[in-house]
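Visitor: So I've got this file, entry_6.cif, and it contains mmCIF, C-alpha atoms:
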data_data
#
loop_
_atom_site.label_atom_id
_atom_site.label_comp_id
_atom_site.auth_asym_id
_atom_site.auth_seq_id
_atom_site.Cartn_x
_atom_site.Cartn_y
_atom_site.Cartn_z
CA MET M 128 -47.35 11.83 33.68
CA SER M 129 -49.96 14.50 34.15
CA GLU M 130 -50.32 17.70 32.20
CA THR M 131 -49.05 19.88 35.04
CA SER M 132 -45.80 18.01 35.41
CA LEU M 133 -44.96 18.62 31.75
CA VAL M 134 -45.56 22.31 32.22
CA GLN M 135 -43.38 22.21 35.30
CA GLU M 136 -40.58 20.62 33.31
CA LEU M 137 -40.84 23.50 30.89
CA THR M 138 -41.06 26.35 33.39
CA LYS M 139 -38.32 25.15 35.70
CA GLY M 140 -35.79 26.03 33.01
CA LEU M 141 -37.14 29.56 32.85
CA TRP M 142 -36.57 30.58 36.48
CA GLU M 143 -35.83 27.93 39.12
CA GLU M 144 -33.09 26.25 37.12
CA ILE M 145 -32.36 28.88 34.45
CA PRO M 146 -29.05 27.58 33.12
CA PRO M 147 -26.42 30.35 33.30
CA PHE M 148 -27.76 31.94 36.49
CA ARG M 149 -29.13 29.17 38.68
CA LEU M 150 -27.17 26.17 37.49
CA VAL M 151 -24.22 28.40 36.49
CA LEU M 152 -23.60 26.10 33.53
CA GLY M 153 -22.59 26.93 29.98
CA LEU M 154 -20.68 30.05 30.97
CA CYS M 155 -18.21 29.98 28.09
CA PRO M 156 -20.72 31.02 25.38
CA THR M 157 -22.61 33.12 27.93
CA LEU M 158 -19.58 35.33 28.41
CA ALA M 159 -18.20 35.18 24.89
CA VAL M 160 -21.11 35.81 22.54
CA THR M 161 -23.12 38.38 24.49
CA LYS M 162 -21.41 41.47 23.11
CA ALA M 163 -24.60 42.18 21.25
CA VAL M 164 -28.17 40.98 21.59
CA ASP M 165 -28.44 39.32 18.17
CA THR M 166 -25.42 37.04 18.61
CA GLY M 167 -26.69 36.06 22.05
CA PHE M 168 -30.13 35.28 20.69
CA GLY M 169 -28.75 33.30 17.73
CA MET M 170 -26.50 31.29 20.01
CA GLY M 171 -29.47 30.57 22.27
CA LEU M 172 -31.60 29.30 19.39
CA ALA M 173 -28.78 27.08 18.11
CA LEU M 174 -28.31 25.59 21.57
CA THR M 175 -32.06 25.09 22.03
CA PHE M 176 -32.27 23.11 18.80
CA VAL M 177 -29.34 20.89 19.75
CA LEU M 178 -30.65 20.43 23.28
CA VAL M 179 -34.18 19.41 22.25
CA CYS M 180 -32.99 17.05 19.50
CA SER M 181 -30.35 15.38 21.64
CA ASN M 182 -32.80 15.02 24.54
CA ILE M 183 -35.27 13.30 22.20
CA LEU M 184 -32.72 10.80 20.88
CA VAL M 185 -31.13 10.11 24.26
CA SER M 186 -34.53 9.56 25.82
CA LEU M 187 -35.65 7.25 22.99
CA GLY M 188 -32.44 5.27 23.15
CA ARG M 189 -32.09 5.11 26.91
CA LYS M 190 -33.04 1.42 27.07
CA VAL M 191 -30.70 0.46 24.23
CA ILE M 192 -27.61 2.48 25.09
CA PRO M 193 -25.43 0.45 27.49
CA PRO M 194 -24.48 2.51 30.57
CA LYS M 195 -20.76 1.92 30.07
CA VAL M 196 -20.68 3.63 26.68
CA ARG M 197 -23.40 6.20 27.31
CA VAL M 198 -21.05 9.20 27.23
CA PRO M 199 -19.56 8.37 23.78
CA CYS M 200 -23.11 7.81 22.54
CA PHE M 201 -24.23 11.19 23.89
CA ILE M 202 -21.26 12.86 22.24
CA ILE M 203 -22.04 11.28 18.86
CA ILE M 204 -25.67 12.38 19.08
CA ILE M 205 -24.82 15.91 20.19
CA ALA M 206 -21.99 16.35 17.68
CA THR M 207 -24.29 15.27 14.85
CA PHE M 208 -26.84 17.95 15.67
CA VAL M 209 -24.15 20.57 16.17
CA VAL M 210 -22.78 19.92 12.68
CA ILE M 211 -26.32 20.13 11.28
CA VAL M 212 -26.79 23.51 12.99
CA GLU M 213 -23.43 24.66 11.65
CA LEU M 214 -24.27 23.71 8.07
CA VAL M 215 -27.75 25.21 8.20
CA MET M 216 -26.42 28.46 9.67
CA GLN M 217 -23.80 28.66 6.94
CA ALA M 218 -26.48 28.15 4.34
CA TYR M 219 -29.04 30.64 5.65
CA THR M 220 -27.51 33.07 8.16
CA TYR M 221 -23.91 33.33 7.00
CA SER M 222 -23.10 36.67 8.63
CA LEU M 223 -24.33 35.47 12.04
CA PHE M 224 -22.31 32.30 11.56
CA LEU M 225 -19.18 34.38 10.91
CA ARG M 226 -19.69 36.33 14.12
CA LEU M 227 -20.44 33.33 16.33
CA GLY M 228 -17.42 31.55 14.82
CA ILE M 229 -15.87 28.87 16.99
CA PHE M 230 -18.68 28.94 19.58
CA ILE M 231 -21.07 26.98 17.36
CA PRO M 232 -18.79 23.90 17.11
CA LEU M 233 -18.10 24.31 20.83
CA ILE M 234 -21.74 23.50 21.63
CA VAL M 235 -20.56 19.87 21.43
CA VAL M 236 -18.81 20.25 24.76
CA ASN M 237 -21.39 22.58 26.27
CA CYS M 238 -22.13 21.28 29.74
CA ILE M 239 -25.83 22.17 29.56
CA VAL M 240 -26.43 19.80 26.66
CA LEU M 241 -24.28 17.00 28.05
CA GLY M 242 -25.64 17.66 31.54
CA ARG M 243 -29.29 17.39 30.50
CA ALA M 244 -28.59 14.21 28.51
CA GLU M 245 -26.83 12.59 31.45
CA ALA M 246 -28.93 13.89 34.33
CA PHE M 247 -32.36 14.02 32.74
CA ALA M 248 -33.04 12.51 29.33
CA TYR M 249 -31.20 9.24 30.03
CA LYS M 250 -33.60 8.58 32.93
CA GLN M 251 -36.88 10.13 31.78
CA GLY M 252 -39.56 9.55 29.17
CA LEU M 253 -39.79 11.22 25.78
CA GLY M 254 -42.40 13.89 26.58
CA ARG M 255 -40.71 15.11 29.72
CA SER M 256 -37.33 15.17 27.98
CA ILE M 257 -38.66 17.34 25.15
CA PHE M 258 -40.17 19.82 27.58
CA ASP M 259 -37.04 19.82 29.70
CA GLY M 260 -34.92 20.58 26.64
CA LEU M 261 -37.30 23.29 25.47
CA GLY M 262 -37.42 24.94 28.88
CA MET M 263 -33.68 24.88 29.38
CA GLY M 264 -33.08 26.13 25.84
CA ILE M 265 -35.55 29.00 26.15
CA GLY M 266 -34.11 29.90 29.54
CA PHE M 267 -30.62 29.96 28.06
CA THR M 268 -31.78 32.04 25.09
CA LEU M 269 -33.51 34.53 27.39
CA SER M 270 -30.47 34.83 29.64
CA LEU M 271 -28.14 35.44 26.71
CA SER M 272 -30.53 37.94 25.13
CA VAL M 273 -30.89 39.92 28.37
CA LEU M 274 -27.16 39.87 29.04
CA GLY M 275 -26.45 40.79 25.42
CA SER M 276 -28.99 43.64 25.57
CA ILE M 277 -27.47 45.12 28.72
CA ARG M 278 -23.94 44.91 27.36
CA GLU M 279 -24.87 46.27 23.94
CA ILE M 280 -26.98 49.14 25.29
CA PHE M 281 -24.32 50.35 27.73
CA GLY M 282 -21.26 49.32 25.75
CA ALA M 283 -22.23 50.51 22.28
CA GLY M 284 -25.40 52.57 22.74
CA THR M 285 -27.34 50.38 20.35
CA TRP M 286 -29.86 47.56 20.59
CA ALA M 287 -29.87 44.95 17.78
CA GLY M 288 -27.99 47.51 15.69
CA MET M 289 -30.46 50.36 16.28
CA GLU M 290 -29.07 53.63 17.61
CA LEU M 291 -30.73 54.34 20.98
CA PHE M 292 -29.18 57.53 22.22
CA GLY M 293 -28.05 60.63 20.35
CA ALA M 294 -24.56 61.33 19.11
CA SER M 295 -23.67 62.78 22.52
CA PHE M 296 -23.74 59.30 24.12
CA GLN M 297 -20.31 58.19 25.25
CA PRO M 298 -20.19 54.35 24.99
CA PHE M 299 -19.09 52.59 28.16
CA THR M 300 -16.78 50.26 26.20
CA PHE M 301 -15.78 48.32 29.32
CA MET M 302 -19.10 46.49 29.03
CA VAL M 303 -18.34 44.90 25.63
CA GLU M 304 -14.91 43.72 26.71
CA ALA M 305 -14.22 40.43 28.49
CA PRO M 306 -14.06 41.82 32.07
CA GLY M 307 -17.36 43.60 31.49
CA ALA M 308 -18.95 40.22 30.74
CA PHE M 309 -17.92 38.86 34.15
CA VAL M 310 -19.03 41.98 36.03
CA CYS M 311 -22.35 42.06 34.22
CA LEU M 312 -22.99 38.36 34.83
CA GLY M 313 -22.08 38.77 38.51
CA LEU M 314 -24.43 41.69 38.95
CA MET M 315 -27.28 39.79 37.28
CA LEU M 316 -26.64 36.76 39.50
CA GLY M 317 -26.75 39.04 42.52
CA VAL M 318 -30.01 40.65 41.47
CA MET M 319 -31.59 37.24 40.80
CA ASN M 320 -30.49 35.96 44.20
CA LEU M 321 -31.98 39.03 45.86
CA ALA M 322 -35.24 38.55 43.99
CA GLY M 323 -35.32 34.89 44.93
CA LYS M 324 -34.91 35.61 48.66
CA LYS M 325 -38.13 37.51 49.10
CA MET O 92 -18.74 -10.84 26.24
CA ARG O 93 -22.37 -10.10 25.42
CA ASP O 94 -21.91 -6.66 26.97
CA ILE O 95 -18.97 -5.85 24.76
CA ILE O 96 -20.81 -6.96 21.61
CA LYS O 97 -23.80 -4.85 22.54
CA MET O 98 -21.60 -1.81 23.13
CA ILE O 99 -19.86 -2.27 19.79
CA VAL O 100 -23.13 -2.74 17.92
CA VAL O 101 -24.82 0.29 19.52
CA LEU O 102 -21.86 2.57 18.96
CA ALA O 103 -21.35 1.39 15.38
CA LEU O 104 -25.03 1.81 14.54
CA LEU O 105 -25.12 5.25 16.07
CA GLY O 106 -22.00 6.28 14.18
CA ALA O 107 -23.39 5.00 10.88
CA LEU O 108 -26.72 6.78 11.40
CA SER O 109 -24.97 10.00 12.30
CA GLY O 110 -22.66 9.76 9.28
CA GLY O 111 -25.55 9.10 6.93
CA GLY O 112 -27.60 11.96 8.33
CA LEU O 113 -24.71 14.39 8.07
CA ALA O 114 -23.91 13.38 4.52
CA PHE O 115 -27.52 14.07 3.61
CA VAL O 116 -27.55 17.52 5.26
CA LYS O 117 -24.19 18.36 3.70
CA THR O 118 -25.27 17.56 0.15
CA SER O 119 -28.56 19.40 0.55
CA THR O 120 -26.93 22.58 1.88
CA GLU O 121 -23.78 22.55 -0.25
CA GLU O 122 -25.09 24.78 -3.02
CA LYS O 123 -26.55 27.33 -0.61
CA ILE O 124 -23.31 27.51 1.39
CA GLU O 125 -21.23 28.07 -1.72
CA TYR O 126 -23.57 30.89 -2.71
CA GLN O 127 -23.35 32.50 0.74
CA GLN O 128 -19.57 32.33 0.78
CA LEU O 129 -19.37 33.94 -2.65
CA LYS O 130 -21.85 36.59 -1.60
CA PHE O 131 -19.99 37.64 1.53
CA VAL O 132 -16.39 37.34 0.31
CA LYS O 133 -16.55 38.33 -3.35
CA GLY O 134 -20.11 39.62 -3.48
CA PRO O 135 -19.45 43.25 -2.50
CA ALA O 136 -16.87 43.67 -5.31
CA ILE O 137 -19.09 41.96 -7.89
CA GLN O 138 -22.12 43.98 -6.88
CA GLU O 139 -20.24 47.25 -7.24
CA ILE O 140 -18.86 46.35 -10.67
CA MET O 141 -22.19 45.06 -11.96
CA GLU O 142 -24.21 47.98 -10.64
CA GLY O 143 -27.46 48.29 -12.50
CA CYS O 144 -27.63 44.76 -13.86
CA SER O 145 -30.99 43.04 -13.86
CA ASN O 146 -29.89 39.61 -12.61
CA ASP O 147 -27.92 38.21 -9.68
CA PRO O 148 -24.35 37.69 -10.98
CA ILE O 149 -23.55 35.34 -8.10
CA VAL O 150 -26.28 32.94 -9.22
CA ASP O 151 -25.55 33.32 -12.94
CA ARG O 152 -22.03 31.99 -12.96
CA PHE O 153 -20.10 29.41 -14.98
CA THR O 154 -16.61 27.96 -15.03
CA ILE O 155 -14.20 27.40 -17.88
CA LYS O 156 -11.20 25.11 -17.71
CA ASP O 157 -8.07 27.01 -18.67
CA GLY O 158 -5.37 24.37 -18.82
CA GLU O 159 -4.87 23.25 -15.22
CA VAL O 160 -6.93 25.97 -13.53
CA GLU O 161 -10.68 26.34 -13.45
CA ARG O 162 -11.80 29.95 -13.74
CA SER O 163 -15.16 31.27 -12.54
CA PHE O 164 -17.09 33.90 -14.47
CA TYR O 165 -20.03 35.91 -13.13
CA VAL O 166 -22.46 37.20 -15.71
CA GLY O 167 -24.19 40.56 -15.57
CA VAL O 168 -27.27 41.14 -17.72
CA PHE O 169 -27.75 44.73 -18.92
CA ASP O 170 -30.78 45.69 -21.04
CA GLY O 171 -31.60 42.02 -21.61
CA LYS O 172 -28.17 41.24 -23.00
CA ALA O 173 -25.58 39.24 -21.11
CA ASN O 174 -22.75 41.56 -22.04
CA GLY O 175 -20.98 42.00 -18.71
CA VAL O 176 -18.71 39.45 -17.17
CA CYS O 177 -16.70 39.39 -13.94
CA TYR O 178 -13.76 37.16 -13.22
CA GLU O 179 -10.92 36.93 -10.78
CA GLY O 180 -7.35 37.98 -11.39
CA GLU O 181 -4.32 38.12 -9.20
CA GLY O 182 -1.47 40.59 -8.89
CA LYS O 183 1.62 40.66 -6.73
CA GLY O 184 1.72 43.53 -4.28
CA PHE O 185 4.00 44.70 -1.49
CA GLY O 186 2.77 42.16 1.07
CA GLY O 187 1.87 39.22 -1.15
CA ALA O 188 -0.86 38.31 -3.58
CA ILE O 189 -3.64 40.80 -4.33
CA GLY O 190 -6.93 39.21 -5.31
CA LEU O 191 -8.75 41.18 -7.99
CA MET O 192 -12.28 41.10 -9.32
CA VAL O 193 -12.33 42.33 -12.90
CA GLY O 194 -15.47 43.29 -14.76
CA VAL O 195 -15.42 43.48 -18.57
CA ASN O 196 -17.90 44.60 -21.18
CA LEU O 197 -17.91 41.71 -23.64
CA GLU O 198 -18.84 43.90 -26.61
CA THR O 199 -16.23 46.64 -26.26
CA ASP O 200 -13.54 44.90 -24.19
CA GLU O 201 -13.68 47.87 -21.84
CA LEU O 202 -13.47 47.53 -18.06
CA LEU O 203 -16.82 47.82 -16.28
CA GLY O 204 -14.81 48.23 -13.12
CA MET O 205 -12.52 46.39 -10.82
CA GLY O 206 -12.29 45.66 -7.13
CA VAL O 207 -9.76 44.25 -4.71
CA THR O 208 -11.09 41.20 -2.84
CA THR O 209 -8.20 39.90 -0.74
CA HIS O 210 -4.81 41.44 0.03
CA SER O 211 -2.20 41.82 2.75
CA GLU O 212 -0.99 45.33 1.92
CA THR O 213 0.02 47.95 4.49
CA PRO O 214 -3.01 49.50 6.21
CA GLY O 215 -3.37 53.16 5.28
CA LEU O 216 -1.08 52.87 2.26
CA GLY O 217 -1.44 49.88 -0.06
CA ALA O 218 -4.70 48.84 1.59
CA ARG O 219 -6.26 52.00 0.13
CA ALA O 220 -6.24 50.24 -3.25
CA LYS O 221 -9.19 48.34 -1.81
CA GLU O 222 -10.76 51.15 0.24
CA ASP O 223 -10.31 54.24 -1.93
CA PRO O 224 -13.24 54.44 -4.37
CA SER O 225 -11.51 57.02 -6.60
CA PHE O 226 -8.63 54.63 -7.29
CA ARG O 227 -11.08 51.93 -8.35
CA ALA O 228 -13.30 54.29 -10.30
CA GLN O 229 -10.58 55.40 -12.74
CA PHE O 230 -10.41 51.90 -14.26
CA LYS O 231 -13.97 52.09 -15.52
CA GLY O 232 -13.95 52.43 -19.30
CA MET O 233 -10.27 51.61 -19.77
CA SER O 234 -9.60 49.23 -22.63
CA LEU O 235 -8.46 45.74 -21.76
CA THR O 236 -6.50 45.40 -24.99
CA GLU O 237 -3.75 47.77 -23.82
CA PRO O 238 -1.39 46.85 -21.00
CA PHE O 239 -2.07 48.62 -17.70
CA LYS O 240 0.72 50.79 -16.31
CA VAL O 241 0.97 53.42 -13.61
CA MET O 242 1.71 56.98 -14.72
CA THR O 243 5.31 56.97 -13.43
CA ASP O 244 5.93 54.04 -15.79
CA GLY O 245 4.38 55.98 -18.66
CA GLY O 246 0.95 54.45 -18.34
CA GLN O 247 -2.61 55.60 -17.78
CA VAL O 248 -3.26 54.60 -14.17
CA ASP O 249 -3.05 57.14 -11.34
CA ALA O 250 -1.31 55.23 -8.55
CA VAL O 251 -2.46 55.31 -4.91
CA SER O 252 -0.12 57.88 -3.37
CA GLY O 253 2.56 56.23 -1.27
CA ALA O 254 1.72 52.82 -2.66
CA THR O 255 3.35 52.58 -6.07
CA ILE O 256 4.29 48.94 -5.64
CA THR O 257 0.73 47.99 -4.77
CA SER O 258 -0.60 49.97 -7.73
CA ARG O 259 1.93 48.32 -10.03
CA GLY O 260 0.82 44.95 -8.69
CA VAL O 261 -2.81 45.75 -9.46
CA CYS O 262 -1.86 46.87 -12.98
CA ALA O 263 0.24 43.77 -13.61
CA GLY O 264 -2.64 41.62 -12.37
CA LEU O 265 -5.05 43.35 -14.76
CA THR O 266 -2.67 43.02 -17.70
CA GLN O 267 -2.20 39.36 -16.91
CA SER O 268 -5.93 38.80 -16.59
CA ALA O 269 -6.44 40.47 -19.99
CA GLU O 270 -4.18 37.80 -21.46
CA PHE O 271 -6.35 34.85 -20.42
CA TYR O 272 -9.51 36.85 -21.09
CA GLY O 273 -8.38 37.23 -24.70
CA ARG O 274 -7.52 33.55 -24.93
CA LEU O 275 -10.89 32.38 -23.51
CA LYS O 276 -13.08 35.10 -24.99
CA ALA O 277 -14.85 32.97 -27.57
CA GLN O 278 -15.80 30.45 -24.90
CA ILE O 279 -16.87 33.18 -22.46
CA ILE O 280 -19.24 34.77 -24.96
CA GLU O 281 -20.74 31.39 -25.80
CA GLU O 282 -21.35 30.48 -22.13
CA ALA O 283 -22.58 33.94 -21.13
CA ALA O 284 -25.14 34.07 -23.91
CA ALA O 285 -27.11 31.36 -22.09
CA PHE O 286 -27.94 33.83 -19.29
CA ALA O 287 -29.47 36.54 -21.48
CA ASN O 288 -33.19 37.06 -21.11
#
Kindly return the structure encoded in the file as structure tokens.
Guide:
Amino acid sequence: MSETSLVQELTKGLWEEIPPFRLVLGLCPTLAVTKAVDTGFGMGLALTFVLVCSNILVSLGRKVIPPKVRVPCFIIIIATFVVIVELVMQAYTYSLFLRLGIFIPLIVVNCIVLGRAEAFAYKQGLGRSIFDGLGMGIGFTLSLSVLGSIREIFGAGTWAGMELFGASFQPFTFMVEAPGAFVCLGLMLGVMNLAGKK
Amino acid sequence: MRDIIKMIVVLALLGALSGGGLAFVKTSTEEKIEYQQLKFVKGPAIQEIMEGCSNDPIVDRFTIKDGEVERSFYVGVFDGKANGVCYEGEGKGFGGAIGLMVGVNLETDELLGMGVTTHSETPGLGARAKEDPSFRAQFKGMSLTEPFKVMTDGGQVDAVSGATITSRGVCAGLTQSAEFYGRLKAQIIEEAAAFAN
């Protein structure tokens, strides 16, 4: 395990395998909590924490966990960290917790977390698993923040609550509704594919 | 056979570890979470009533057992004396229960103010009991020793227009809360004194 390979594990989550766009995984929170940039960012951080912690435990326990019951084991590990995130958010960022609502408990069944445990951490060493989790988590956070920014700027005329345009700005409310999430995600996927071609 | 035993042991151990860890996190965050919930649900009403106090009424709280029910009191310190207290009351409105936050000056038995916390009244009519600041403001300074009544019933309270039933419910809730306030007053003063600085 050389230094470069660790860095590669980290950076692959940022572009080559950036979760919502390249792997097209974890779309439920991607579409649902990106009405504004702060909810997207908070969701990303919560998922990053769960992802890194579950990758660490799965990687450490990969020789002990019998293959036949690996999925229940993953679920226990992931669910534990999700509940920890939920409690900590309630204790320190209650208003964000209220706005994210059901999507925090739903991280348990998020396919990025389960997917990385199954496809990566269960087969790889501790160091690589940590970097993989970090990379994927940061990639997810970035994607949600960018998507949230675009939707908030066009849909509400604000960014993280700050007024950007004058009173004359007519908000394009389509962007903060559910169909706007799909259209916005599709356009971003298209742009990323174009950029990847060259 | 060995496989099955291993599976059972691993799963059981994992479950136990997870349960233990969660119990630990839960107990260490419990107090903070309770505070946050109070702050966001009842906090705005308490803050408005206790405007100008030098402490945080949500932190400085105590409970008194009143028969079967446990009532919470939030203490406001003014000029170094713990002479303001907030507690919850309940009235019956048009659409169900109306949750009230009542603030009382312990020395004069006058209302410091009151606020509506939870309700299911008609939007635009009864709901204005919560939203309309002028309806709330009139209660400030009223004496808790007299029963509260709306003006059409010969009382002192100016009802929200178009929402007499809601206003009556608020008044009945206040009158009712005055009853247990009077009954528990000695205890309230004793407990509140501990928060003076």
Visitor: How many Å lie between atom CA of O:Ala283 and atom CA of O:Val176, rounded to one decimal?
Guide: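 A separation of 7.8 Å between them.
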Visitor: Could you name the residues that touch O:Gly143 at 9 Å or less, counting all atoms listed in the file, but leaving out those on the same chain fewer than 6 positions away, as a VMD selection string?
Guide: chain O and resid 167 to 169
Visitor: Within 9 Å of O:Ala220, counting all atoms listed in the file, which residues qualify if same-chain residues fewer than 3 places away don't, as a ChimeraX atom specification?
Guide: /O:206-207,212,216-217,223-224,226-227,250-251,254,257-258,261
Visitor: Please measure the separation of atom CA of O:His210 and atom CA of O:Phe239, giving the value in Å to one decimal.
Guide: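 Taking atom CA of O:His210 as the start and atom CA of O:Phe239 as the end point, the length is 19.3 Å.
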Visitor: If we count only C-alpha atoms and set the cut-off at 8 Å, which residues sit around O:Lys97, ignoring sequence neighbours fewer than 4 positions away in its own chain? Please answer as a PyMOL selection string.
Guide: (chain M and resi 193) or (chain O and resi 93+101)
Visitor: As number ranges by chain, could you give me every residue of chain M near chain O (at most 8 Å apart, counting all atoms listed in the file)?
Guide: M: 191-193, 195-196, 199-200, 203-204, 207, 210-211, 214-215, 217-219, 221-222
Visitor: Between O:Leu265, O:Pro214, O:Phe271, O:Gln229, which residue has the minimum interatomic distance to O:Arg162, considering only C-alpha atoms?
Guide: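 Among O:Leu265, O:Pro214, O:Phe271, O:Gln229, it is O:Phe271 that comes nearest to O:Arg162.
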Visitor: Contacts of M:Leu137 at 6 Å or less, counting all atoms listed in the file, minus same-chain residues fewer than 4 places along, as a list in words?
Guide: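 Contacts, with the query itself left out: Phe258, Asp259 and Gly262 of chain M.
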Visitor: Quick one: everything within 10 Å of O:Glu198, counting all atoms listed in the file, minus sequence neighbours fewer than 4 positions away in the same chain. Send it as a list in words.
Guide: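 Listing them by chain and then by number gives Ala173, Asn174, Gly175 and Ile280 of chain O.
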Visitor: Enumerate, as a PyMOL selection string, the residues matched when the PyMOL selection byres ((chain O and resi 193) around 7) is run on the file above.
Guide: chain O and resi 177-180+191-192+194-195+204-206
Visitor: Measuring atom to atom with all atoms listed in the file, identify which of M:Met319, M:Val164, M:Val209, M:Leu223 is nearest to M:Ile277.
Guide: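 Among M:Met319, M:Val164, M:Val209, M:Leu223, it is M:Val164 that comes nearest to M:Ile277.
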Visitor: Please report the interatomic distance between atom CA of M:Ala206 and atom CA of M:Ala305 in Å with one decimal.
Guide: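 Result for atom CA of M:Ala206 versus atom CA of M:Ala305: 27.5 Å, one decimal.
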Visitor: For a quick check of understanding, using all atoms listed in the file, which of M:Gln297, M:Leu269, M:Glu279, M:Ile257 has the smallest distance to M:Val134?
Guide: M:Ile257
Visitor: Mind telling me what the PyMOL selection byres ((chain M and resi 150) around 12) catches here, as a PyMOL selection string?
Guide: chain M and resi 139-149+151-154+238-239+242-243+263+266-267+316
Visitor: Could you check which residues have any atom within 9 Å of (-11.8, 29.0, -13.7), counting all atoms listed in the file with coordinates taken straight from the file, and then list them as a PyMOL selection string?
Guide: chain O and resi 153-157+160-164+178-179
Visitor: Which residue gives the smallest distance to O:Glu237 among O:Gly273, O:Ala218, O:Ile189, O:Asp249, with only C-alpha atoms counted?
Guide: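 Residue with the minimum atom-to-atom distance to O:Glu237: O:Gly273.
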